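One structure below.
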Amino acid sequence: MVNVIAAASLAIGGYLIVKAVRREMARVEKQVSRAARKAAGDTIKTLERDPETGRYHPKD
């Protein structure tokens with residue numbers, strides 16, 4: 001019976017740790033994205049596909 005309780009405790013603890021790590025990763029990703037958007041400002045260019053090569057290049 002003790003083994004079942006220990007296994008359940010480990011499973012619940014692992015689940016809570018994974019949930020906390022995912023929440024922290026989402027928070028950091030949001031912060032980095034916000035900083036990148038702020039730093040980029042109006043410098044983001046539209047990409048245009050070159051029909052000959054199939055590659056994308058910034059539109060002038």
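Residue names in the structure tokens use chain letters A, B, ... in the order shown, residue numbers from 1 in each chain, and ligand numbers from 1 in the order shown.
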Could you write out, as a list in words, all the residues of chain A that DSSP marks as strand (DSSP E)?
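Written out, the strand (DSSP E) residues of chain A are Leu47, Glu48, Arg49, Tyr56, His57 and Pro58 of chain A.
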Find the residues near range 28-44 of chain A: any atom within 12 Å, counting only C-alpha atoms, skip ones fewer than 3 places away on the same chain, and give them as a PyMOL selection string.
chain A and resi 21-25+47+58-60
Extract the full set of helix (DSSP H, G or I) residues from chain A according to DSSP on the backbone, and format it as a PyMOL selection string.
chain A and resi 2-40
